[in-house]
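Enquirer: The structure file data_2.tsv (TSV, C-alpha atoms) is provided below.
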chain	number	residue	atom	x	y	z
A	1	MET	CA	16.78	-14.70	28.29
A	2	LYS	CA	13.48	-15.92	26.88
A	3	THR	CA	12.77	-16.58	23.25
A	4	SER	CA	12.03	-13.80	20.78
A	5	LYS	CA	8.27	-14.24	21.04
A	6	SER	CA	8.33	-13.67	24.78
A	7	THR	CA	10.25	-10.44	24.90
A	8	PHE	CA	8.99	-7.07	23.66
A	9	ILE	CA	12.46	-5.55	23.44
A	10	GLN	CA	13.67	-8.43	21.26
A	11	VAL	CA	10.93	-7.56	18.81
A	12	ILE	CA	12.23	-4.02	18.54
A	13	PHE	CA	15.99	-4.31	18.48
A	14	LEU	CA	18.37	-7.26	18.53
A	15	SER	CA	21.34	-5.23	19.68
A	16	PHE	CA	19.75	-4.34	23.01
A	17	LEU	CA	18.85	-7.83	24.24
A	18	ALA	CA	20.69	-7.26	27.51
A	19	THR	CA	18.53	-4.34	28.63
A	20	SER	CA	17.28	-4.74	32.20
A	21	ASN	CA	13.90	-3.23	31.32
A	22	ALA	CA	12.86	-5.87	28.77
A	23	TYR	CA	9.37	-7.20	29.49
A	24	ALA	CA	7.42	-10.21	28.34
A	25	LEU	CA	4.59	-10.41	25.86
A	26	SER	CA	4.32	-14.19	26.16
A	27	ASN	CA	1.13	-13.85	28.22
A	28	PHE	CA	-0.50	-11.41	25.83
A	29	ASN	CA	-4.10	-12.42	25.29
A	30	PRO	CA	-6.61	-10.37	23.26
A	31	GLY	CA	-9.01	-10.87	26.15
A	32	ASN	CA	-6.76	-8.64	28.26
A	33	LEU	CA	-7.97	-5.70	26.16
A	34	SER	CA	-11.32	-5.74	27.91
A	35	GLY	CA	-9.99	-3.04	30.23
A	36	MET	CA	-8.52	-0.87	27.46
A	37	LEU	CA	-9.66	2.76	27.22
A	38	GLN	CA	-9.85	4.77	23.99
A	39	SER	CA	-7.06	7.02	25.26
A	40	GLY	CA	-4.87	3.93	25.64
A	41	VAL	CA	-5.51	2.77	22.07
A	42	ASP	CA	-4.76	6.28	20.81
A	43	SER	CA	-1.47	6.42	22.71
A	44	LEU	CA	-0.33	3.00	21.50
A	45	ILE	CA	-0.99	3.93	17.88
A	46	ASN	CA	0.38	7.48	17.79
A	47	THR	CA	3.47	6.58	19.82
A	48	VAL	CA	4.44	3.81	17.39
A	49	ALA	CA	3.44	5.80	14.28
A	50	LEU	CA	5.14	9.09	15.22
A	51	GLY	CA	8.09	7.57	17.07
A	52	SER	CA	9.05	5.26	14.21
A	53	ASP	CA	8.47	7.77	11.40
A	54	TYR	CA	11.07	7.99	8.65
A	55	ARG	CA	14.11	10.08	9.64
A	56	ALA	CA	16.41	11.53	6.97
A	57	TYR	CA	19.04	12.53	9.56
A	58	SER	CA	20.37	15.12	7.16
A	59	SER	CA	20.64	18.84	6.58
A	60	ALA	CA	18.93	20.85	3.86
A	61	ARG	CA	22.04	20.76	1.65
A	62	PRO	CA	21.60	18.35	-1.29
A	63	LEU	CA	24.03	15.46	-1.80
A	64	GLY	CA	24.69	16.45	-5.41
A	65	MET	CA	25.40	14.31	-8.44
A	66	LEU	CA	29.18	13.74	-8.03
A	67	LEU	CA	28.86	10.29	-6.44
A	68	GLY	CA	26.31	11.82	-4.06
A	69	PHE	CA	25.32	8.96	-1.80
A	70	ASP	CA	25.08	8.26	1.91
A	71	ALA	CA	24.75	4.77	3.40
A	72	GLY	CA	24.78	3.76	7.05
A	73	VAL	CA	22.78	2.90	10.15
A	74	ASP	CA	20.84	4.96	12.65
A	75	VAL	CA	19.27	4.38	16.05
A	76	THR	CA	16.20	6.40	17.03
A	77	VAL	CA	15.27	6.33	20.71
A	78	ILE	CA	11.54	6.79	21.32
A	79	THR	CA	10.68	8.32	24.69
A	80	VAL	CA	7.26	6.83	25.38
A	81	PRO	CA	4.60	8.80	27.28
A	82	GLN	CA	3.02	7.46	30.47
A	83	ALA	CA	-0.24	6.78	28.61
A	84	PHE	CA	1.59	4.32	26.33
A	85	LYS	CA	3.08	2.50	29.31
A	86	ASP	CA	-0.31	2.31	31.02
A	87	ALA	CA	-1.99	0.95	27.87
A	88	MET	CA	0.74	-1.62	27.24
A	89	SER	CA	0.43	-2.71	30.84
A	90	VAL	CA	-3.29	-3.31	30.33
A	91	ALA	CA	-2.70	-5.22	27.08
A	92	THR	CA	0.07	-7.46	28.43
A	93	GLY	CA	-0.78	-7.82	32.08
A	94	THR	CA	2.69	-6.52	32.92
A	95	ALA	CA	3.44	-4.02	35.68
A	96	THR	CA	3.84	-0.48	34.36
A	97	SER	CA	7.16	-0.18	36.18
A	98	SER	CA	8.54	-3.05	34.07
A	99	ILE	CA	7.86	-1.28	30.78
A	100	PRO	CA	10.85	0.73	29.51
A	101	ALA	CA	10.47	4.49	29.25
A	102	GLN	CA	12.62	4.55	26.11
A	103	ILE	CA	12.64	2.21	23.12
A	104	PRO	CA	15.64	2.20	20.73
A	105	LEU	CA	14.82	1.53	17.07
A	106	PRO	CA	17.76	0.69	14.73
A	107	ARG	CA	17.52	0.99	10.96
A	108	MET	CA	19.64	0.67	7.85
A	109	THR	CA	19.54	3.83	5.71
A	110	PHE	CA	20.50	4.94	2.21
A	111	ARG	CA	20.26	8.30	0.40
A	112	LYS	CA	21.18	9.28	-3.17
A	113	GLY	CA	21.60	12.66	-4.79
A	114	LEU	CA	19.70	13.44	-8.00
A	115	PRO	CA	19.77	16.36	-10.47
A	116	LYS	CA	18.32	19.81	-9.70
A	117	GLY	CA	18.66	19.63	-5.92
A	118	PHE	CA	16.66	16.44	-5.36
A	119	ASP	CA	17.65	13.62	-2.98
A	120	ILE	CA	15.86	10.33	-2.37
A	121	GLY	CA	16.30	7.98	0.55
A	122	PHE	CA	14.92	4.98	2.35
A	123	SER	CA	15.37	3.15	5.65
A	124	LEU	CA	14.34	-0.22	6.98
A	125	PHE	CA	14.49	-2.84	9.69
A	126	PRO	CA	13.56	-6.11	7.93
A	127	ASP	CA	10.78	-8.41	9.08
A	128	TYR	CA	11.76	-10.13	12.32
A	129	GLN	CA	9.83	-13.40	12.66
A	130	GLY	CA	6.60	-11.66	11.72
A	131	LEU	CA	6.64	-9.66	14.94
A	132	PHE	CA	8.32	-6.42	13.97
A	133	LYS	CA	9.31	-4.56	10.84
A	134	THR	CA	9.54	-0.98	9.64
A	135	TYR	CA	10.39	0.67	6.36
A	136	GLY	CA	10.15	4.17	4.97
A	137	ALA	CA	11.23	6.45	2.17
A	138	GLY	CA	11.52	10.15	1.49
A	139	ILE	CA	12.31	12.73	-1.15
A	140	GLN	CA	13.92	16.12	-0.55
A	141	TRP	CA	14.15	19.15	-2.82
A	142	ALA	CA	16.53	22.07	-2.23
A	143	PRO	CA	15.70	25.13	-4.39
A	144	MET	CA	18.70	26.21	-6.42
A	145	TRP	CA	18.18	29.89	-5.53
A	146	THR	CA	19.16	29.50	-1.87
A	147	VAL	CA	22.48	31.19	-0.99
A	148	GLY	CA	24.43	30.90	2.27
A	149	ILE	CA	21.68	29.20	4.27
A	150	ASP	CA	20.32	26.07	2.64
A	151	LEU	CA	16.56	25.48	2.44
A	152	ALA	CA	14.82	22.23	1.56
A	153	PHE	CA	11.37	20.67	1.52
A	154	ARG	CA	10.76	17.02	2.36
A	155	LEU	CA	7.99	14.50	1.76
A	156	SER	CA	8.25	11.08	3.41
A	157	GLY	CA	6.25	8.04	4.43
A	158	ASN	CA	6.76	5.14	6.83
A	159	TYR	CA	5.11	1.84	7.76
A	160	THR	CA	5.67	0.00	11.04
A	161	LYS	CA	4.30	-3.29	12.34
A	162	LEU	CA	4.78	-4.03	16.03
A	163	TYR	CA	3.11	-7.29	17.05
A	164	PHE	CA	-0.61	-6.35	17.20
A	165	LEU	CA	-0.07	-2.74	16.00
A	166	ALA	CA	0.25	-1.56	12.39
A	167	THR	CA	0.84	2.12	11.66
A	168	HIS	CA	1.50	4.56	8.82
A	169	CYS	CA	2.95	8.06	9.00
A	170	TYR	CA	3.40	10.65	6.22
A	171	SER	CA	5.37	13.86	6.78
A	172	LEU	CA	5.74	17.17	4.98
A	173	ASP	CA	8.62	19.27	6.33
A	174	ALA	CA	10.69	22.39	5.69
A	175	VAL	CA	14.36	22.37	6.74
A	176	VAL	CA	17.07	25.05	6.97
A	177	SER	CA	20.77	24.51	7.60
A	178	LYS	CA	24.18	26.12	7.31
A	179	LYS	CA	27.58	24.48	6.92
A	180	PHE	CA	30.52	25.51	9.13
A	181	PHE	CA	33.62	23.62	7.99
A	182	VAL	CA	33.09	20.07	9.38
A	183	PHE	CA	29.89	20.94	11.28
A	184	GLU	CA	26.41	21.47	9.84
A	185	PRO	CA	23.52	22.37	12.18
A	186	TYR	CA	19.95	22.20	10.89
A	187	MET	CA	16.41	22.68	12.11
A	188	GLY	CA	12.96	22.09	10.69
A	189	LEU	CA	9.25	21.83	11.24
A	190	GLY	CA	6.33	20.19	9.55
A	191	LEU	CA	3.18	18.09	9.78
A	192	GLN	CA	2.83	14.35	10.39
A	193	ASP	CA	-0.27	12.56	9.10
A	194	TRP	CA	-0.47	9.34	11.15
A	195	SER	CA	-2.85	6.41	11.36
A	196	GLY	CA	-2.94	2.84	12.62
A	197	SER	CA	-4.90	-0.02	14.11
A	198	MET	CA	-4.71	-2.87	16.59
A	199	GLU	CA	-5.16	-5.33	13.75
A	200	ALA	CA	-5.26	-8.68	15.55
A	201	SER	CA	-7.40	-7.63	18.47
A	202	LEU	CA	-10.29	-5.46	17.32
A	203	SER	CA	-12.99	-7.93	18.38
A	204	THR	CA	-11.76	-8.04	21.98
A	205	LEU	CA	-11.93	-4.32	22.73
A	206	PRO	CA	-14.73	-2.98	24.94
A	207	VAL	CA	-17.88	-1.70	23.26
A	208	GLY	CA	-17.40	1.90	22.17
A	209	VAL	CA	-13.61	1.68	21.98
A	210	SER	CA	-12.21	1.82	18.45
A	211	GLY	CA	-9.09	-0.11	17.55
A	212	SER	CA	-8.18	2.39	14.82
A	213	GLN	CA	-7.07	5.99	15.11
A	214	SER	CA	-5.59	8.77	12.96
A	215	GLY	CA	-4.58	12.39	13.18
A	216	ILE	CA	-2.39	15.22	11.90
A	217	SER	CA	0.22	16.60	14.29
A	218	PRO	CA	2.86	19.36	14.00
A	219	HIS	CA	6.42	18.46	14.92
A	220	PHE	CA	9.73	20.26	15.32
A	221	PHE	CA	13.25	18.93	15.00
A	222	GLY	CA	16.88	19.97	15.04
A	223	GLY	CA	20.19	18.25	14.50
A	224	LEU	CA	23.92	18.59	14.08
A	225	GLY	CA	26.04	16.85	11.49
A	226	PHE	CA	29.78	16.24	11.69
A	227	LYS	CA	31.82	14.98	8.74
A	228	MET	CA	35.47	13.98	8.57
A	229	LEU	CA	36.64	12.64	5.19
A	230	ILE	CA	33.93	10.11	4.23
A	231	ILE	CA	32.66	9.41	7.77
A	232	LYS	CA	29.58	11.33	8.82
A	233	LEU	CA	27.82	11.45	12.19
A	234	VAL	CA	24.45	13.12	12.74
A	235	GLY	CA	22.52	13.62	15.98
A	236	GLU	CA	18.90	14.77	15.97
A	237	PHE	CA	16.09	15.59	18.41
A	238	ASN	CA	12.42	15.52	17.34
A	239	TYR	CA	9.32	16.60	19.26
A	240	SER	CA	5.68	16.05	18.28
A	241	THR	CA	2.83	18.07	19.75
A	242	GLU	CA	1.28	14.70	20.67
A	243	GLY	CA	3.86	14.68	23.47
A	244	ILE	CA	6.19	12.15	21.83
A	245	SER	CA	9.89	12.95	21.60
A	246	THR	CA	12.74	11.07	19.96
A	247	TRP	CA	16.45	11.52	19.76
A	248	GLY	CA	18.88	9.58	17.65
A	249	LEU	CA	22.27	9.13	16.06
A	250	LYS	CA	23.25	8.15	12.55
A	251	ALA	CA	26.66	6.94	11.35
A	252	SER	CA	27.29	6.65	7.63
A	253	LEU	CA	29.69	6.67	4.71
A	254	ASN	CA	29.05	9.90	2.83
A	255	PHE	CA	30.46	10.70	-0.61
Can you present the structure in this file as structure tokens?

Expert:
Amino acid sequence: MKTSKSTFIQVIFLSFLATSNAYALSNFNPGNLSGMLQSGVDSLINTVALGSDYRAYSSARPLGMLLGFDAGVDVTVITVPQAFKDAMSVATGTATSSIPAQIPLPRMTFRKGLPKGFDIGFSLFPDYQGLFKTYGAGIQWAPMWTVGIDLAFRLSGNYTKLYFLATHCYSLDAVVSKKFFVFEPYMGLGLQDWSGSMEASLSTLPVGVSGSQSGISPHFFGGLGFKMLIIKLVGEFNYSTEGISTWGLKASLNF
């Protein structure tokens, strides 16, 4: 296995170094972007921004003030569109077939219950040799008048740096859920305000192709939580109208 600077997958997740689809970035040269199209830049930016957005992995029910905390790890798997693979192939000089169709993103997460139905949380993957990092935070409010079916509103933000890409994403969501003994299904929808740029390579893009892009995209998501004693597992699927889908799993200690 090559060093961390020569492997794209190593930049994203240390626990998946053995993947057979890892591909090299060691030959990446800003000059390679001379063949990049605007659609390719757009796909690179919105895939990273939307795919790595902050995930609460939780229902609408507040944690509460009696202890009221949740700490664990999650892995979000980004299913990348063909346009992303084509653009990354242009940028790296790597065959499209060598670029993985799915990219796992692990993060450490923490959430804490506050008074009056509020929860706050954050997640992060710390800076890895200056090549990759992501961190985000969110706040959720569950109105006290909800009965039977829980309702909550969320506001969150996330920053991700992936080699030559830097992105931001801000989300405003509504979530509903209902608890059934140890199971708790939930579903939600909202808007994602995303932006980003190819920071290190703007001068090498063709004339007329912008290295920055932004947009606002609706998304939909649903999940299922399972809790036994203090161990909680949550699975979630998320789909953006930009054509980017993610699915993931979170394991945590929940009090």

Enquirer: Can you work out the spacing between CA of Val48 (chain A) and CA of Ala60 (chain A) in Å, to one decimal?

Expert: 26.1 Å

Enquirer: Which residue is closest to Ile231 (chain A)? Choose from A:Gly248, A:Ala71, A:Gly138, A:Leu66 and count all atoms listed in the file.

Expert: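 Nearest to Ile231 (chain A): A:Ala71.
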
Enquirer: Which is closer to Ser197 (chain A) than all the others in A:Ile139, A:Phe164, A:Gly40, A:Pro62, using only C-alpha atoms?

Expert: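 When distances to Ser197 (chain A) are compared using only C-alpha atoms, the smallest one comes from A:Phe164.
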
Enquirer: Need the shell around Phe255 (chain A): protein/DNA/RNA residues with any atom at most 8 Å away, counting only C-alpha atoms. Skip same-chain ones fewer than 5 positions apart. Format as a list in words?

Expert: Leu67, Gly68, Phe69, Asp70 and Ile230 of chain A

Enquirer: So, with only C-alpha atoms as the atoms that count, which of A:Val207, A:Ala49, A:Leu253, A:Val75 lies closest to Cys169 (chain A)?

Expert: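 Checking each candidate against Cys169 (chain A), we get A:Ala49 as the closest.
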
Enquirer: Determine, using only C-alpha atoms, which residues of region 23-118 of chain A have any atom at most 12 Å from an atom of region 235-245 of chain A, and tabulate each with its shortest atom pair and distance in Å to one decimal place, rows ordered by chain and then rising number, as a Markdown table.

Expert:
| residue | atom | partner | partner_atom | distance |
| --- | --- | --- | --- | --- |
| A:Asp42 | CA | A:Glu242 | CA | 10.4 |
| A:Ser43 | CA | A:Glu242 | CA | 9.0 |
| A:Leu44 | CA | A:Ile244 | CA | 11.2 |
| A:Ile45 | CA | A:Glu242 | CA | 11.4 |
| A:Asn46 | CA | A:Glu242 | CA | 7.8 |
| A:Thr47 | CA | A:Ile244 | CA | 6.5 |
| A:Val48 | CA | A:Ile244 | CA | 9.6 |
| A:Ala49 | CA | A:Ile244 | CA | 10.2 |
| A:Leu50 | CA | A:Ile244 | CA | 7.4 |
| A:Gly51 | CA | A:Ile244 | CA | 6.9 |
| A:Ser52 | CA | A:Ile244 | CA | 10.7 |
| A:Asp53 | CA | A:Asn238 | CA | 10.5 |
| A:Tyr54 | CA | A:Asn238 | CA | 11.6 |
| A:Arg55 | CA | A:Glu236 | CA | 9.2 |
| A:Ala56 | CA | A:Glu236 | CA | 9.9 |
| A:Tyr57 | CA | A:Glu236 | CA | 6.8 |
| A:Ser58 | CA | A:Glu236 | CA | 8.9 |
| A:Ser59 | CA | A:Glu236 | CA | 10.4 |
| A:Asp74 | CA | A:Gly235 | CA | 9.4 |
| A:Val75 | CA | A:Gly235 | CA | 9.8 |
| A:Thr76 | CA | A:Glu236 | CA | 8.9 |
| A:Val77 | CA | A:Ser245 | CA | 8.6 |
| A:Ile78 | CA | A:Ser245 | CA | 6.4 |
| A:Thr79 | CA | A:Ser245 | CA | 5.6 |
| A:Val80 | CA | A:Ile244 | CA | 6.5 |
| A:Pro81 | CA | A:Ile244 | CA | 6.6 |
| A:Gln82 | CA | A:Gly243 | CA | 10.1 |
| A:Ala83 | CA | A:Gly243 | CA | 10.3 |
| A:Phe84 | CA | A:Ile244 | CA | 10.1 |
| A:Ala101 | CA | A:Ser245 | CA | 11.4 |
| A:Gln102 | CA | A:Ser245 | CA | 9.9 |
| A:Ile103 | CA | A:Ser245 | CA | 11.2 |

Enquirer: For Arg61 (chain A), work out the shell of residues within 9 Å, counting all atoms listed in the file and skipping chain neighbours fewer than 5 positions away, then give it as a ChimeraX atom specification.

Expert: /A:117,142,149-152,176-179

Enquirer: Can you tell me, as a VMD selection string, what residues are no more than 8 Å from Ser214 (chain A) when counting only C-alpha atoms, ignoring any on the same chain fewer than 4 positions away?

Expert: chain A and resid 46 193 to 196

Enquirer: Name the residues within 9 Å of (23.3, 14.9, 12.1), counting all atoms listed in the file in the file's coordinates, and put them as an MDAnalysis selection string.

Expert: chainID A and resid 57:59 183:186 222:226 232:236 248:251

Enquirer: Write the residues of the preceding selection, restricted to C-alpha atoms, as a PDB file, in the coordinates of the input.

Expert:
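Writing done, so here's selection-v6.pdb:
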ATOM      1  CA  TYR A  57      19.040  12.530   9.560  1.00  0.00           C
ATOM      2  CA  SER A  58      20.370  15.120   7.160  1.00  0.00           C
ATOM      3  CA  SER A  59      20.640  18.840   6.580  1.00  0.00           C
ATOM      4  CA  PHE A 183      29.890  20.940  11.280  1.00  0.00           C
ATOM      5  CA  GLU A 184      26.410  21.470   9.840  1.00  0.00           C
ATOM      6  CA  PRO A 185      23.520  22.370  12.180  1.00  0.00           C
ATOM      7  CA  TYR A 186      19.950  22.200  10.890  1.00  0.00           C
ATOM      8  CA  GLY A 222      16.880  19.970  15.040  1.00  0.00           C
ATOM      9  CA  GLY A 223      20.190  18.250  14.500  1.00  0.00           C
ATOM     10  CA  LEU A 224      23.920  18.590  14.080  1.00  0.00           C
ATOM     11  CA  GLY A 225      26.040  16.850  11.490  1.00  0.00           C
ATOM     12  CA  PHE A 226      29.780  16.240  11.690  1.00  0.00           C
ATOM     13  CA  LYS A 232      29.580  11.330   8.820  1.00  0.00           C
ATOM     14  CA  LEU A 233      27.820  11.450  12.190  1.00  0.00           C
ATOM     15  CA  VAL A 234      24.450  13.120  12.740  1.00  0.00           C
ATOM     16  CA  GLY A 235      22.520  13.620  15.980  1.00  0.00           C
ATOM     17  CA  GLU A 236      18.900  14.770  15.970  1.00  0.00           C
ATOM     18  CA  GLY A 248      18.880   9.580  17.650  1.00  0.00           C
ATOM     19  CA  LEU A 249      22.270   9.130  16.060  1.00  0.00           C
ATOM     20  CA  LYS A 250      23.250   8.150  12.550  1.00  0.00           C
ATOM     21  CA  ALA A 251      26.660   6.940  11.350  1.00  0.00           C
TER      22      ALA A 251
END

Enquirer: What does the structure give for the distance between CA of Arg107 (chain A) and CA of Pro218 (chain A), in Å to one decimal?

Expert: 23.7 Å

Enquirer: With distances taken over all atoms listed in the file, which residue among A:Val90, A:Gly72, A:Gly211, A:Trp141 lies nearest Phe122 (chain A)?

Expert: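 Among the listed residues, A:Gly72 lies closest to Phe122 (chain A).
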
Enquirer: Considering all atoms listed in the file, state which residue in the set A:Ser89, A:Asn254, A:Asn158, A:Ser98 is at the smallest distance from Val41 (chain A).

Expert: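 Smallest separation from Val41 (chain A) among the options: A:Ser89.
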
Enquirer: List the spatial neighbours of Ile120 (chain A) as a PyMOL selection string - criterion: any atom at most 8 Å away, only C-alpha atoms, same-chain residues fewer than 3 positions off excluded.

Expert: chain A and resi 111-114+137-140

Enquirer: Report, in Å to a single decimal, how far apart CA of His219 (chain A) and CA of Tyr159 (chain A) are.

Expert: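 Calculated distance between CA of Tyr159 (chain A) and CA of His219 (chain A) is 18.1 Å.
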
Enquirer: Find, counting all atoms listed in the file, the residue in A:Gly148, A:Gly93, A:Pro100, A:Gly190 that gets nearest to Gly35 (chain A).

Expert: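 For Gly35 (chain A), the nearest of the given residues is A:Gly93.
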
Enquirer: Which polymer residues have any atom within 6 Å of an atom of Thr134 (chain A), counting all atoms listed in the file, with same-chain residues fewer than 2 positions away left out, as a PyMOL selection string?

Expert: chain A and resi 124-125+159-160

Enquirer: Can you complete the atoms of region 94-103 of chain A to all heavy atoms and list them as a compact mmCIF listing (two decimals), in the coordinates of the input?

Expert:
# COMPACT_ATOMS: atom_id res chain seq x y z
N THR A 94 1.38 -6.76 32.33
CA THR A 94 2.69 -6.52 32.92
C THR A 94 2.65 -5.24 33.75
O THR A 94 1.98 -4.28 33.38
CB THR A 94 3.75 -6.38 31.81
OG1 THR A 94 3.72 -7.55 31.00
CG2 THR A 94 5.14 -6.20 32.39
N ALA A 95 3.38 -5.22 34.84
CA ALA A 95 3.44 -4.02 35.68
C ALA A 95 3.99 -2.85 34.89
O ALA A 95 4.95 -3.01 34.12
CB ALA A 95 4.30 -4.28 36.91
N THR A 96 3.39 -1.68 35.07
CA THR A 96 3.84 -0.48 34.36
C THR A 96 5.31 -0.19 34.62
O THR A 96 6.04 0.25 33.73
CB THR A 96 2.99 0.73 34.77
OG1 THR A 96 1.61 0.46 34.53
CG2 THR A 96 3.39 1.98 33.99
N SER A 97 5.77 -0.45 35.82
CA SER A 97 7.16 -0.18 36.18
C SER A 97 8.14 -1.05 35.41
O SER A 97 9.34 -0.74 35.35
CB SER A 97 7.36 -0.39 37.68
OG SER A 97 7.03 -1.72 38.05
N SER A 98 7.67 -2.16 34.83
CA SER A 98 8.54 -3.05 34.07
C SER A 98 8.66 -2.66 32.60
O SER A 98 9.46 -3.24 31.87
CB SER A 98 8.02 -4.49 34.15
OG SER A 98 7.98 -4.95 35.48
N ILE A 99 7.86 -1.70 32.18
CA ILE A 99 7.86 -1.28 30.78
C ILE A 99 8.87 -0.15 30.61
O ILE A 99 8.81 0.85 31.32
CB ILE A 99 6.46 -0.82 30.35
CG1 ILE A 99 5.47 -1.97 30.51
CG2 ILE A 99 6.47 -0.31 28.92
CD1 ILE A 99 4.03 -1.59 30.26
N PRO A 100 9.81 -0.29 29.67
CA PRO A 100 10.85 0.73 29.51
C PRO A 100 10.29 2.07 29.08
O PRO A 100 9.32 2.15 28.33
CB PRO A 100 11.77 0.14 28.42
CG PRO A 100 10.96 -0.89 27.75
CD PRO A 100 9.96 -1.40 28.73
N ALA A 101 10.89 3.13 29.59
CA ALA A 101 10.47 4.49 29.25
C ALA A 101 11.02 4.93 27.91
O ALA A 101 10.56 5.92 27.34
CB ALA A 101 10.91 5.46 30.34
N GLN A 102 12.02 4.22 27.40
CA GLN A 102 12.62 4.55 26.11
C GLN A 102 12.81 3.28 25.30
O GLN A 102 13.21 2.25 25.84
CB GLN A 102 13.96 5.27 26.31
CG GLN A 102 13.82 6.61 27.01
CD GLN A 102 15.16 7.30 27.20
OE1 GLN A 102 16.17 6.67 27.48
NE2 GLN A 102 15.17 8.62 27.05
N ILE A 103 12.53 3.36 24.01
CA ILE A 103 12.64 2.21 23.12
C ILE A 103 13.56 2.56 21.95
O ILE A 103 13.22 3.40 21.13
CB ILE A 103 11.26 1.81 22.57
CG1 ILE A 103 10.30 1.48 23.71
CG2 ILE A 103 11.40 0.62 21.63
CD1 ILE A 103 8.90 1.18 23.26
